[in-house]
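Shown next: input09.csv, given as CSV, C-alpha atoms.
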```
chain,number,residue,atom,x,y,z
D,17,MET,CA,-18.4,-23.9,-6.0
D,18,ALA,CA,-18.5,-22.6,-2.4
D,19,THR,CA,-15.7,-20.5,-1.1
D,20,THR,CA,-13.8,-22.3,1.6
D,21,GLN,CA,-12.2,-20.7,4.6
D,22,SER,CA,-8.7,-21.5,3.2
D,23,ASP,CA,-9.7,-19.8,-0.1
D,24,LYS,CA,-10.6,-16.6,1.8
D,25,LYS,CA,-7.3,-16.7,3.8
D,26,GLU,CA,-5.4,-17.2,0.6
D,27,ARG,CA,-7.2,-14.3,-1.1
D,28,ARG,CA,-6.6,-12.0,1.9
D,29,ARG,CA,-2.9,-13.1,1.8
D,30,GLN,CA,-2.6,-12.3,-1.9
D,31,GLU,CA,-4.3,-8.9,-1.4
D,32,ARG,CA,-1.9,-8.1,1.5
D,33,LEU,CA,1.1,-9.0,-0.7
D,34,GLU,CA,-0.2,-6.9,-3.5
D,35,ARG,CA,-0.7,-3.9,-1.2
D,36,GLU,CA,2.9,-4.3,0.1
D,37,ARG,CA,4.2,-4.6,-3.5
D,38,THR,CA,2.4,-1.5,-4.5
D,39,ALA,CA,3.7,0.4,-1.5
D,40,ARG,CA,7.2,-0.7,-2.2
D,41,ALA,CA,6.9,0.4,-5.9
D,42,ALA,CA,5.5,3.8,-4.8
D,43,GLU,CA,8.3,4.3,-2.4
D,44,ARG,CA,10.9,3.5,-5.2
D,45,ARG,CA,9.2,6.0,-7.5
D,46,ARG,CA,9.1,8.7,-4.8
D,47,ARG,CA,12.9,8.2,-4.1
D,48,LEU,CA,13.8,8.2,-7.8
D,49,TRP,CA,11.8,11.2,-8.7
D,50,SER,CA,13.0,13.0,-5.6
D,51,TYR,CA,16.5,12.3,-6.7
D,52,ALA,CA,15.8,13.4,-10.3
D,53,GLY,CA,14.4,16.7,-9.0
D,54,ALA,CA,17.4,17.2,-6.7
D,55,ALA,CA,19.8,16.5,-9.5
D,56,ALA,CA,18.0,19.1,-11.7
D,57,LEU,CA,18.0,21.6,-8.9
D,58,LEU,CA,21.8,21.1,-8.4
D,59,VAL,CA,22.3,21.8,-12.1
D,60,VAL,CA,20.2,25.0,-11.9
D,61,LEU,CA,22.1,26.1,-8.7
D,62,ALA,CA,25.4,25.4,-10.3
D,63,ALA,CA,24.5,27.6,-13.3
D,64,LEU,CA,23.2,30.3,-11.0
D,65,GLY,CA,26.5,30.1,-9.0
D,66,ALA,CA,28.5,30.5,-12.2
D,67,VAL,CA,26.5,33.7,-13.0
D,68,ILE,CA,27.1,35.0,-9.5
D,69,LEU,CA,30.8,34.3,-9.6
D,70,ALA,CA,31.1,35.9,-13.1
D,71,THR,CA,29.5,39.1,-11.9
D,72,ASP,CA,31.1,39.2,-8.4
D,73,SER,CA,34.3,41.2,-8.5
D,74,GLY,CA,34.9,40.9,-4.8
D,75,GLY,CA,36.7,38.3,-2.8
D,76,GLY,CA,35.1,35.5,-0.8
D,77,GLU,CA,36.0,32.5,1.3
D,78,GLU,CA,37.6,29.6,-0.5
D,79,PRO,CA,35.7,26.3,-0.3
D,80,SER,CA,37.2,24.0,2.3
D,81,ALA,CA,38.5,20.5,1.5
D,82,ALA,CA,35.7,19.2,3.7
D,83,ASP,CA,33.2,20.2,1.0
D,84,ALA,CA,34.7,17.9,-1.6
D,85,PRO,CA,33.1,14.5,-2.2
D,86,PRO,CA,34.7,11.6,-0.3
D,87,VAL,CA,36.6,10.2,-3.2
D,88,ALA,CA,40.3,10.3,-4.1
D,89,GLY,CA,41.6,12.8,-6.7
D,90,ALA,CA,41.1,16.4,-7.5
D,91,PRO,CA,40.0,16.7,-11.1
D,92,SER,CA,40.4,19.9,-13.1
D,93,SER,CA,37.4,21.8,-14.2
D,94,GLY,CA,37.1,21.0,-17.9
D,95,ALA,CA,34.8,22.4,-20.5
D,96,GLU,CA,34.3,26.1,-21.0
D,97,SER,CA,30.6,25.4,-21.2
D,98,GLY,CA,30.3,22.0,-19.6
D,99,GLY,CA,26.8,20.9,-18.7
D,100,HIS,CA,24.8,18.2,-17.1
D,101,VAL,CA,26.2,14.7,-17.9
D,102,HIS,CA,23.8,12.4,-19.6
D,103,GLY,CA,26.1,9.5,-20.6
D,104,LEU,CA,29.6,8.1,-20.4
D,105,GLY,CA,31.6,5.9,-22.7
D,106,VAL,CA,35.1,4.5,-22.9
D,107,ALA,CA,36.6,4.6,-26.4
D,108,LEU,CA,37.3,0.9,-27.3
D,109,ALA,CA,40.8,2.0,-28.3
D,110,GLY,CA,41.4,2.8,-24.6
D,111,ASP,CA,42.2,6.5,-25.1
D,112,GLY,CA,40.1,8.0,-22.3
D,113,VAL,CA,36.6,8.5,-21.2
D,114,LEU,CA,33.9,10.2,-23.3
D,115,ILE,CA,31.4,12.4,-21.5
D,116,ALA,CA,28.1,13.2,-23.2
D,117,THR,CA,26.5,16.4,-21.8
D,118,HIS,CA,23.8,18.9,-22.3
D,119,ASP,CA,26.3,21.0,-24.2
D,120,GLY,CA,28.2,18.5,-26.4
D,121,LEU,CA,30.6,15.6,-26.2
D,122,TYR,CA,33.8,15.9,-24.2
D,123,SER,CA,36.9,13.7,-23.9
D,124,ALA,CA,38.9,13.3,-20.7
D,125,ALA,CA,42.3,11.5,-20.4
D,126,GLY,CA,41.2,10.1,-17.0
D,127,ASP,CA,44.1,11.5,-15.1
D,128,GLY,CA,42.3,14.6,-13.7
D,129,SER,CA,43.3,16.9,-16.5
D,130,ALA,CA,40.7,19.1,-18.0
D,131,PRO,CA,38.3,17.5,-20.6
D,132,VAL,CA,38.2,19.0,-24.1
D,133,GLN,CA,35.2,19.3,-26.3
D,134,VAL,CA,35.1,16.8,-29.1
D,135,SER,CA,31.9,17.5,-30.9
D,136,ALA,CA,31.9,20.4,-33.4
D,137,GLU,CA,28.4,21.4,-32.3
D,138,GLN,CA,27.1,21.7,-28.8
D,139,GLN,CA,24.2,19.3,-29.2
D,140,ASP,CA,22.3,18.1,-26.1
D,141,PHE,CA,23.2,14.4,-25.9
D,142,MET,CA,20.3,12.8,-23.9
D,143,GLY,CA,21.4,9.2,-24.8
D,144,PHE,CA,24.9,8.0,-25.6
D,145,THR,CA,26.8,4.7,-26.2
D,146,VAL,CA,29.9,3.3,-27.8
D,147,ALA,CA,28.7,0.7,-30.3
D,148,ALA,CA,32.1,-0.2,-31.9
D,149,PRO,CA,35.6,1.1,-32.0
D,150,ASP,CA,34.7,3.3,-35.0
D,151,ARG,CA,31.1,4.0,-34.2
D,152,LEU,CA,29.4,6.2,-31.5
D,153,LEU,CA,25.7,6.5,-31.2
D,154,ALA,CA,23.7,9.2,-29.5
D,155,SER,CA,20.3,10.9,-29.3
D,156,GLY,CA,18.9,14.2,-28.0
D,157,HIS,CA,18.4,17.7,-29.3
D,158,PRO,CA,20.2,19.9,-31.9
D,159,ALA,CA,22.5,22.7,-31.0
D,160,ALA,CA,21.4,26.3,-31.3
D,161,GLY,CA,21.3,27.3,-35.0
D,162,GLN,CA,21.1,23.7,-36.4
D,163,ASP,CA,18.3,23.3,-38.9
D,164,LEU,CA,17.1,20.0,-37.4
D,165,PRO,CA,13.9,18.7,-35.6
D,166,ALA,CA,13.8,19.0,-31.8
D,167,ALA,CA,14.2,15.2,-31.5
D,168,LEU,CA,17.3,13.9,-33.2
D,169,GLY,CA,16.3,10.2,-33.2
D,170,LEU,CA,19.4,8.0,-33.5
D,171,ILE,CA,22.5,9.7,-34.7
D,172,GLU,CA,26.0,8.3,-35.3
D,173,SER,CA,29.6,9.5,-35.4
D,174,ARG,CA,32.4,7.7,-37.3
D,175,ASP,CA,35.1,10.2,-36.4
D,176,GLY,CA,35.3,9.9,-32.7
D,177,GLY,CA,32.4,12.2,-31.9
D,178,ARG,CA,33.4,15.3,-33.9
D,179,THR,CA,30.6,15.2,-36.4
D,180,TRP,CA,27.2,13.4,-36.4
D,181,GLN,CA,24.8,12.1,-39.0
D,182,PRO,CA,21.2,10.9,-38.7
D,183,VAL,CA,20.6,7.2,-38.8
D,184,SER,CA,16.9,6.8,-38.1
D,185,LEU,CA,13.8,8.2,-36.3
D,186,LEU,CA,14.8,11.8,-37.0
D,187,GLY,CA,12.1,14.0,-35.4
D,188,GLU,CA,10.4,10.9,-34.0
D,189,ALA,CA,12.4,9.7,-31.0
D,190,ASP,CA,14.4,11.1,-28.1
D,191,PHE,CA,16.3,8.2,-26.5
D,192,HIS,CA,17.0,8.9,-22.8
D,193,VAL,CA,18.4,5.4,-22.4
D,194,LEU,CA,20.6,4.1,-25.3
D,195,ARG,CA,22.7,1.0,-25.3
D,196,ALA,CA,24.4,-0.9,-28.1
D,197,ALA,CA,26.6,-4.0,-28.7
D,198,GLY,CA,27.6,-4.4,-32.3
D,199,GLU,CA,24.5,-4.4,-34.5
D,200,ARG,CA,22.2,-4.7,-31.5
D,201,VAL,CA,20.8,-1.3,-30.4
D,202,TYR,CA,18.3,-0.7,-27.7
D,203,GLY,CA,16.7,2.6,-26.7
D,204,PHE,CA,14.0,4.0,-24.4
D,205,ASP,CA,12.2,6.9,-26.1
D,206,GLY,CA,11.6,9.5,-23.4
D,207,ALA,CA,9.2,11.4,-25.6
D,208,GLY,CA,7.0,8.5,-26.6
D,209,GLY,CA,7.5,6.2,-23.6
D,210,ARG,CA,8.6,3.4,-26.0
D,211,PHE,CA,11.2,0.7,-25.6
D,212,LEU,CA,12.7,0.0,-29.1
D,213,ALA,CA,15.1,-2.7,-30.3
D,214,SER,CA,17.1,-2.9,-33.5
D,215,ALA,CA,19.1,-5.8,-34.9
D,216,ASP,CA,20.6,-3.8,-37.8
D,217,GLY,CA,22.6,-1.1,-36.1
D,218,GLY,CA,19.6,1.2,-35.6
D,219,GLY,CA,18.4,1.2,-39.2
D,220,THR,CA,15.0,-0.3,-38.4
D,221,TRP,CA,13.3,-0.9,-35.0
D,222,GLN,CA,10.8,-3.1,-33.2
D,223,GLU,CA,8.8,-1.9,-30.2
D,224,ARG,CA,9.0,-4.2,-27.2
D,225,GLU,CA,6.7,-4.4,-24.1
D,226,LEU,CA,8.2,-3.5,-20.8
D,227,PRO,CA,7.2,-5.0,-17.4
D,228,ALA,CA,7.4,-1.5,-15.8
D,229,PRO,CA,8.7,2.0,-16.7
D,230,MET,CA,12.5,1.7,-17.4
D,231,PHE,CA,15.2,4.1,-16.4
D,232,ASP,CA,18.3,2.1,-17.2
D,233,LEU,CA,19.5,-0.9,-19.2
D,234,ALA,CA,22.5,-3.2,-19.4
D,235,ILE,CA,23.6,-5.7,-22.1
D,236,ALA,CA,25.3,-9.0,-21.3
D,237,PRO,CA,29.0,-8.8,-22.5
D,238,ASP,CA,28.8,-12.3,-24.1
D,239,ASP,CA,25.3,-12.1,-25.7
D,240,PRO,CA,23.7,-8.9,-27.0
D,241,GLN,CA,20.2,-10.4,-26.7
D,242,ARG,CA,20.5,-10.9,-22.9
D,243,LEU,CA,19.4,-7.7,-21.1
D,244,ILE,CA,18.9,-6.4,-17.6
D,245,ALA,CA,16.3,-3.6,-17.3
D,246,ALA,CA,16.2,-1.3,-14.3
D,247,THR,CA,12.6,-0.3,-13.7
D,248,GLU,CA,10.4,1.2,-11.0
D,249,GLU,CA,9.5,-2.3,-9.8
D,250,GLY,CA,13.1,-3.7,-9.6
D,251,LEU,CA,15.3,-5.5,-12.1
D,252,PHE,CA,14.0,-7.6,-15.0
D,253,ALA,CA,15.9,-10.0,-17.3
D,254,SER,CA,15.4,-10.9,-20.9
D,255,ASN,CA,17.1,-13.6,-23.0
D,256,ASP,CA,15.4,-12.6,-26.3
D,257,ALA,CA,16.3,-9.0,-26.9
D,258,GLY,CA,13.4,-7.7,-24.8
D,259,GLY,CA,10.7,-10.0,-26.3
D,260,SER,CA,9.9,-11.4,-22.9
D,261,TRP,CA,10.9,-10.5,-19.3
D,262,ARG,CA,11.2,-12.2,-15.9
D,263,PRO,CA,11.9,-10.7,-12.5
D,264,ALA,CA,15.6,-10.7,-11.6
D,265,ASP,CA,16.0,-8.8,-8.3
D,266,ASP,CA,14.0,-6.5,-6.1
D,267,ALA,CA,16.8,-3.9,-6.2
D,268,THR,CA,16.1,-0.5,-7.8
D,269,GLY,CA,18.9,1.6,-9.3
D,270,LEU,CA,21.2,2.1,-12.2
D,271,VAL,CA,22.8,-1.0,-13.7
D,272,ALA,CA,26.1,-2.0,-15.4
D,273,TRP,CA,27.1,-5.4,-16.7
D,274,ALA,CA,30.9,-5.7,-16.6
D,275,PRO,CA,33.0,-7.6,-19.2
D,276,SER,CA,33.8,-10.1,-16.3
D,277,GLY,CA,30.1,-11.1,-16.3
D,278,ARG,CA,29.3,-9.5,-13.0
D,279,LEU,CA,26.3,-7.3,-12.6
D,280,PHE,CA,26.6,-4.0,-10.7
D,281,VAL,CA,23.7,-1.9,-9.3
D,282,VAL,CA,23.8,1.5,-7.6
D,283,ASP,CA,20.7,1.6,-5.4
D,284,GLU,CA,18.6,4.4,-4.0
D,285,GLN,CA,21.1,4.9,-1.1
D,286,ALA,CA,24.0,5.1,-3.6
D,287,GLN,CA,25.3,1.7,-2.5
D,288,VAL,CA,27.2,-0.3,-5.1
D,289,LEU,CA,25.8,-3.8,-5.2
D,290,SER,CA,27.4,-6.7,-7.1
D,291,GLY,CA,26.7,-10.3,-8.0
D,292,ALA,CA,25.9,-12.8,-10.7
D,293,PRO,CA,23.0,-11.6,-13.0
D,294,ASP,CA,20.9,-14.6,-11.8
D,295,GLY,CA,22.0,-14.6,-8.2
D,296,PRO,CA,21.8,-12.4,-5.1
D,297,LEU,CA,23.5,-9.0,-4.9
D,298,SER,CA,25.9,-8.0,-2.1
D,299,ARG,CA,27.3,-4.6,-1.1
D,300,ARG,CA,30.7,-3.7,-2.5
D,301,GLY,CA,30.9,0.0,-1.6
D,302,ALA,CA,29.2,3.3,-2.1
D,303,LEU,CA,29.3,6.5,-4.1
D,304,PRO,CA,29.1,9.9,-2.4
D,305,GLU,CA,25.7,10.4,-3.9
D,306,LEU,CA,23.3,8.9,-6.4
D,307,PRO,CA,24.9,9.2,-9.9
D,308,VAL,CA,23.2,10.5,-13.0
D,309,THR,CA,24.8,7.8,-15.1
D,310,PHE,CA,26.7,4.6,-14.4
D,311,MET,CA,28.6,2.1,-16.6
D,312,ALA,CA,31.2,-0.6,-16.7
D,313,ALA,CA,34.0,-0.9,-19.3
D,314,GLN,CA,37.5,-2.4,-19.6
D,315,GLY,CA,37.8,-3.6,-16.0
D,316,ALA,CA,36.5,-0.5,-14.4
D,317,LEU,CA,33.3,1.2,-13.2
D,318,TYR,CA,32.4,4.8,-14.1
D,319,ALA,CA,29.8,7.1,-12.6
D,320,ALA,CA,28.9,10.8,-13.2
D,321,LEU,CA,27.4,12.9,-10.5
D,322,ALA,CA,24.9,15.8,-10.8
D,323,ASP,CA,27.7,18.4,-10.4
D,324,GLY,CA,29.5,17.1,-13.6
D,325,SER,CA,32.2,15.2,-11.8
D,326,VAL,CA,33.2,11.8,-13.3
D,327,LEU,CA,34.4,9.0,-10.9
D,328,ARG,CA,36.1,5.7,-11.6
D,329,SER,CA,36.5,2.5,-9.6
D,330,VAL,CA,39.0,-0.2,-10.4
D,331,ASP,CA,38.1,-2.4,-7.4
D,332,GLU,CA,34.5,-3.2,-8.3
D,333,GLY,CA,33.0,-0.2,-6.5
D,334,ALA,CA,34.8,-0.5,-3.2
D,335,SER,CA,36.6,2.9,-3.7
D,336,TRP,CA,36.3,5.7,-6.2
D,337,THR,CA,38.6,8.3,-7.7
D,338,ALA,CA,37.5,11.5,-9.3
D,339,ILE,CA,39.0,11.6,-12.8
D,340,ALA,CA,37.3,14.5,-14.6
D,341,GLN,CA,35.0,17.5,-14.1
D,342,VAL,CA,32.8,19.1,-16.8
```
Show me, as structure tokens, the structure contained in the file I just sent.
Amino acid sequence: MATTQSDKKERRRQERLERERTARAAERRRRLWSYAGAAALLVVLAALGAVILATDSGGGEEPSAADAPPVAGAPSSGAESGGHVHGLGVALAGDGVLIATHDGLYSAAGDGSAPVQVSAEQQDFMGFTVAAPDRLLASGHPAAGQDLPAALGLIESRDGGRTWQPVSLLGEADFHVLRAAGERVYGFDGAGGRFLASADGGGTWQERELPAPMFDLAIAPDDPQRLIAATEEGLFASNDAGGSWRPADDATGLVAWAPSGRLFVVDEQAQVLSGAPDGPLSRRGALPELPVTFMAAQGALYAALADGSVLRSVDEGASWTAIAQV
């Protein structure tokens, strides 16, 4: 069949759209990776600063109030070791915020008082989630001196995070994204680049295909099989536990699905967007910088920044208060 002029125009239009889509995806990747590099640099600089302060016996200028992030509150410095925050959780009993870090799990009352270390060992928690009132899940790497593989797979705690036991995939997976609701558990294995889903609390897993590389995930509060994945190419939704996906929004950023049913996104400009999961998103507010992790729980939003500060919003992201520092 001969190619008509309209066919050629349509082909050129599709090629142009594809070039534009590719350019947008490349720009998102550039921004996200630039941020990730900057966050890592901040952690290194913070550690270097701590060494300098520890060895400097002389005086120096006190930091000015203008250097503080534009949020309310002045949280106390918490952990003696502290570390880069990889995950947050609110204990379902409502007794404070849990902070998963490079050097163990900490608990903060949320009133600005210093966090305290909960975990008996200083494991490197790369993924973390509250699955049930009496069950915490995590992933990452063992503490120094622990006789365990470099990748912990899925581990659990039944005593509020003090001690941890292997559940599955020991030595096989390192979940950098970990989310759970009851018996449904989802994880993105940063070592293998796999997205895995479990219907039995993480005992067994099925690998699922992703529409694009994932860096965050949110579970619907009323249906643990409904998901929103944050990827390099925007948001994608699934109604069947990741078995299939459809485009949800062009926004790129960290996601949180609140108990109210509203979806929240922190985009590349650190703006907080909100809306129905199947509708348009509108700006609610902004964070002082891009967070390293973001979540919704019990009527509030929580975010952790690269410097170890934890912020909370009780007005859907319009304003933020610093509640802890690790």
Between stretch 152-243 of chain D and stretch 297-320 of chain D, at 12 Å or less, what are the per-residue closest atom pairs and their distances in Å? Count all atoms listed in the file, order by chain and rising residue number, and return it as a tab-separated table.
```
residue	atom	partner	partner_atom	distance
D:His192	CA	D:Thr309	CA	11.0
D:Val193	CA	D:Thr309	CA	10.0
D:Leu194	CA	D:Thr309	CA	11.6
D:Arg195	CA	D:Met311	CA	10.6
D:Phe231	CA	D:Thr309	CA	10.4
D:Asp232	CA	D:Thr309	CA	8.9
D:Leu233	CA	D:Met311	CA	9.9
D:Ala234	CA	D:Met311	CA	8.6
D:Ile235	CA	D:Ala312	CA	10.6
D:Ala236	CA	D:Ala312	CA	11.2
D:Pro237	CA	D:Ala313	CA	9.9
```
Original post:
What would the list of residues within 12 Å of (36.8, -3.8, -34.3) (file frame) look like as a count of residues only, if all atoms listed in the file are what count?
Top reply: 11
**OP:** Grab the atom CA of D:Val134 to atom CA of D:Gln181 distance for me, in Å with one decimal place.
**Re:**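 Answer for the atom CA of D:Val134 to atom CA of D:Gln181 separation: 15.0 Å.
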Original post:
Which one of D:Val342, D:Ala136, D:Val330, D:Ala292 sits closest to D:His100 if you count all atoms listed in the file?
Top reply: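 With all atoms listed in the file as the atom set, the closest residue is D:Val342.
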**OP:** For atom CA of D:Asp283 and atom CA of D:Asp331, quote the distance in Å rounded to one decimal.
**Re:**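 Atom CA of D:Asp331 lies 18.0 Å from atom CA of D:Asp283.
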Subject >> Nearest-residue call for D:Gln341, choices D:Pro240, D:Gly291, D:Gly126, D:Gly143, using all atoms listed in the file >> reply: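 Of all the options, D:Gly126 lies closest to D:Gln341.
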**OP:** Would you mind listing what lies within 7 Å of D:Tyr122 as a PyMOL selection string, with all atoms listed in the file counted and same-chain residues fewer than 2 positions away left out?
**Re:** chain D and resi 114-116+120+124+131-134
Resulting file, chosen residues, C-alpha atoms, as a PDB file, keeping the file's coordinate frame:
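This went into selection17.pdb:
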```pdb
ATOM      1  CA  LEU D 114      33.900  10.200 -23.300  1.00  0.00           C
ATOM      2  CA  ILE D 115      31.400  12.400 -21.500  1.00  0.00           C
ATOM      3  CA  ALA D 116      28.100  13.200 -23.200  1.00  0.00           C
ATOM      4  CA  GLY D 120      28.200  18.500 -26.400  1.00  0.00           C
ATOM      5  CA  ALA D 124      38.900  13.300 -20.700  1.00  0.00           C
ATOM      6  CA  PRO D 131      38.300  17.500 -20.600  1.00  0.00           C
ATOM      7  CA  VAL D 132      38.200  19.000 -24.100  1.00  0.00           C
ATOM      8  CA  GLN D 133      35.200  19.300 -26.300  1.00  0.00           C
ATOM      9  CA  VAL D 134      35.100  16.800 -29.100  1.00  0.00           C
TER      10      VAL D 134
END
```
Original post:
Quick one: residues within 12 Å of D:Leu243, all atoms listed in the file counted, chain neighbours fewer than 4 positions away excluded, as an MDAnalysis selection string?
Top reply: chainID D and resid 195:197 200:202 213 226 232:239 251:264 271:273 279 293:294
Subject >> Residue among D:Ala338, D:Ala228, D:Leu121, D:Met142 lying closest to D:Arg178, counting only C-alpha atoms >> reply: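 Between D:Ala338, D:Ala228, D:Leu121, D:Met142, the residue approaching D:Arg178 most closely is D:Leu121.
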Original post:
What is the atom CA of D:Pro229-atom CA of D:Val183 distance in Å, reported with one decimal?
Top reply: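 These atoms are spaced 25.6 Å apart.
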